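**Q** So here's protein_27.json (JSON, C-alpha atoms).
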```json
[["chain", "number", "residue", "atom", "x", "y", "z"],
["A", 1037, "MET", "CA", 14.69, -10.67, 3.79],
["A", 1038, "LYS", "CA", 14.43, -10.40, 0.02],
["A", 1039, "PHE", "CA", 15.42, -13.16, -2.37],
["A", 1040, "GLY", "CA", 17.10, -12.56, -5.73],
["A", 1041, "VAL", "CA", 14.06, -12.84, -7.96],
["A", 1042, "PRO", "CA", 12.95, -10.18, -10.44],
["A", 1043, "ASN", "CA", 10.35, -8.65, -8.09],
["A", 1044, "ALA", "CA", 12.25, -9.26, -4.81],
["A", 1045, "ILE", "CA", 9.74, -11.41, -2.90],
["A", 1046, "LYS", "CA", 9.94, -11.17, 0.89],
["A", 1047, "HIS", "CA", 9.51, -14.33, 2.95],
["A", 1048, "TRP", "CA", 9.99, -12.83, 6.43],
["A", 1049, "CYS", "CA", 11.03, -9.52, 7.95],
["A", 1050, "GLU", "CA", 14.02, -8.52, 10.03],
["A", 1051, "LEU", "CA", 15.19, -5.27, 11.61],
["A", 1052, "GLY", "CA", 17.73, -4.83, 8.80],
["A", 1053, "ASP", "CA", 15.00, -4.77, 6.13],
["A", 1054, "ASN", "CA", 14.32, -1.08, 6.88],
["A", 1055, "LEU", "CA", 10.56, -1.52, 7.05],
["A", 1056, "ASP", "CA", 8.67, 1.57, 8.16],
["A", 1057, "ARG", "CA", 6.98, -0.51, 10.88],
["A", 1058, "TYR", "CA", 6.07, -4.07, 11.77],
["A", 1059, "THR", "CA", 4.26, -5.20, 14.88],
["A", 1060, "TRP", "CA", 1.80, -7.69, 16.28],
["A", 1061, "VAL", "CA", -1.57, -5.96, 16.69],
["A", 1062, "GLN", "CA", -3.22, -8.89, 18.51],
["A", 1063, "HIS", "CA", -2.15, -12.40, 19.46],
["A", 1064, "ASP", "CA", -2.51, -14.99, 22.17],
["A", 1065, "GLY", "CA", 0.88, -16.61, 21.56],
["A", 1066, "THR", "CA", -0.72, -19.94, 20.70],
["A", 1067, "ASN", "CA", -3.80, -19.96, 18.49],
["A", 1068, "PHE", "CA", -4.17, -16.66, 16.63],
["A", 1069, "GLY", "CA", -2.37, -13.50, 15.64],
["A", 1070, "VAL", "CA", -2.74, -10.33, 13.58],
["A", 1071, "GLN", "CA", 0.30, -8.37, 12.45],
["A", 1072, "GLU", "CA", 0.86, -5.24, 10.38],
["A", 1073, "LEU", "CA", 3.85, -4.41, 8.21],
["A", 1074, "GLU", "CA", 4.44, -1.07, 6.50],
["A", 1075, "ASP", "CA", 6.80, -1.22, 3.55],
["A", 1076, "GLY", "CA", 7.00, 1.91, 1.42],
["A", 1077, "PRO", "CA", 3.53, 2.79, 0.17],
["A", 1078, "PHE", "CA", 2.01, -0.54, 1.28],
["A", 1079, "LEU", "CA", 0.32, -1.74, 4.47],
["A", 1080, "PHE", "CA", 0.30, -5.54, 4.81],
["A", 1081, "THR", "CA", -1.99, -7.19, 7.35],
["A", 1082, "THR", "CA", -1.55, -10.88, 8.06],
["A", 1083, "SER", "CA", -3.98, -12.85, 10.23],
["A", 1084, "TYR", "CA", -3.43, -16.39, 11.48],
["A", 1085, "VAL", "CA", -5.80, -18.72, 13.28],
["A", 1086, "LYS", "CA", -5.41, -22.31, 14.41],
["A", 1087, "ARG", "CA", -8.30, -24.77, 14.36],
["A", 1088, "LEU", "CA", -7.66, -27.36, 17.06],
["A", 1089, "GLY", "CA", -7.89, -31.08, 16.42],
["A", 1090, "GLY", "CA", -6.51, -33.54, 13.91],
["A", 1091, "LEU", "CA", -3.50, -35.81, 14.25],
["A", 1092, "HIS", "CA", -0.94, -33.02, 14.61],
["A", 1093, "GLY", "CA", -2.67, -30.62, 17.01],
["A", 1094, "GLY", "CA", -4.61, -28.53, 14.51],
["A", 1095, "ASP", "CA", -4.62, -26.71, 11.21],
["A", 1096, "TRP", "CA", -3.51, -23.14, 10.47],
["A", 1097, "SER", "CA", -5.29, -20.70, 8.19],
["A", 1098, "ALA", "CA", -3.86, -17.37, 7.07],
["A", 1099, "ARG", "CA", -5.27, -14.25, 5.46],
["A", 1100, "ILE", "CA", -3.02, -11.64, 3.87],
["A", 1101, "THR", "CA", -4.30, -8.25, 2.75],
["A", 1102, "VAL", "CA", -2.38, -5.45, 1.08],
["A", 1103, "ASN", "CA", -3.52, -1.83, 0.95],
["A", 1104, "THR", "CA", -1.83, 1.39, -0.01],
["A", 1105, "LYS", "CA", -1.16, 3.80, 2.83],
["A", 1106, "VAL", "CA", -3.22, 6.98, 2.86],
["A", 1107, "GLN", "CA", -0.93, 9.91, 2.11]]
```
Would you write the structure of this file as structure tokens?

**A**
Amino acid sequence: MKFGVPNAIKHWCELGDNLDRYTWVQHDGTNFGVQELEDGPFLFTTSYVKRLGGLHGGDWSARITVNTKVQ
């Protein structure tokens, strides 16, 4: 879904967004996940991991990388 800002920032993806591909590459359904999204010339990889503990069950960290697809 794109919001009406000058550079159309995406906050999540849906089937109707016409992405080339998006899928979970790895995940355990609870504590970590790696997903890839292809959008035009770009390949986005997002990684999430949860560190257990704390007052609310843990803390999440995320890493987002963007590369251009090899033509």

**Q** Have a look at CA of Gln1062 (chain A) and CA of Ile1100 (chain A) and let me know their distance in Å, one decimal.

**A** 14.9 Å

**Q** Name the residues within 9 Å of (4.8, -3.3, 8.2), counting only C-alpha atoms in the file's coordinates, and put them as a VMD selection string.

**A** chain A and resid 1049 1055 to 1059 1071 to 1076 1078 to 1081

**Q** Mind giving me the straight-line distance from CA of Ala1098 (chain A) to CA of Leu1051 (chain A) in Å, one decimal?

**A** 23.0 Å

**Q** What's the separation between CA of Asn1103 (chain A) and CA of Glu1050 (chain A), in Å to one decimal place?

**A**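 Straight-line distance from CA of Asn1103 (chain A) to CA of Glu1050 (chain A) works out to 20.9 Å.
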
**Q** Using only C-alpha atoms, can you tell me which of A:Lys1105, A:Thr1066, A:Gly1052, A:Trp1060 comes closest to Arg1087 (chain A)?

**A**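 For Arg1087 (chain A), the nearest of the candidates is A:Thr1066.
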
**Q** From the list A:Asp1053, A:Ser1097, A:Thr1082, A:Val1106, which residue is nearest Asn1067 (chain A) when using only C-alpha atoms?

**A**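 Checking each candidate against Asn1067 (chain A), we get A:Ser1097 as the closest.
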
**Q** Taking (-6.2, -20.2, 9.0) in the coordinates of the supplied file, I want to know which residues reach to within 8 Å of it, counting only C-alpha atoms; could you give the answer as a PyMOL selection string?

**A** chain A and resi 1083-1087+1095-1099

**Q** For C-alpha atoms, I'd like the residues from the last selection saved as an mmCIF file, keeping the file's coordinate frame.

**A**
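See part_9.cif below for the written result:
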```cif
data_model
loop_
_atom_site.group_PDB
_atom_site.id
_atom_site.type_symbol
_atom_site.label_atom_id
_atom_site.label_comp_id
_atom_site.auth_asym_id
_atom_site.auth_seq_id
_atom_site.Cartn_x
_atom_site.Cartn_y
_atom_site.Cartn_z
ATOM 1 C CA SER A 1083 -3.980 -12.850 10.230
ATOM 2 C CA TYR A 1084 -3.430 -16.390 11.480
ATOM 3 C CA VAL A 1085 -5.800 -18.720 13.280
ATOM 4 C CA LYS A 1086 -5.410 -22.310 14.410
ATOM 5 C CA ARG A 1087 -8.300 -24.770 14.360
ATOM 6 C CA ASP A 1095 -4.620 -26.710 11.210
ATOM 7 C CA TRP A 1096 -3.510 -23.140 10.470
ATOM 8 C CA SER A 1097 -5.290 -20.700 8.190
ATOM 9 C CA ALA A 1098 -3.860 -17.370 7.070
ATOM 10 C CA ARG A 1099 -5.270 -14.250 5.460
#
```
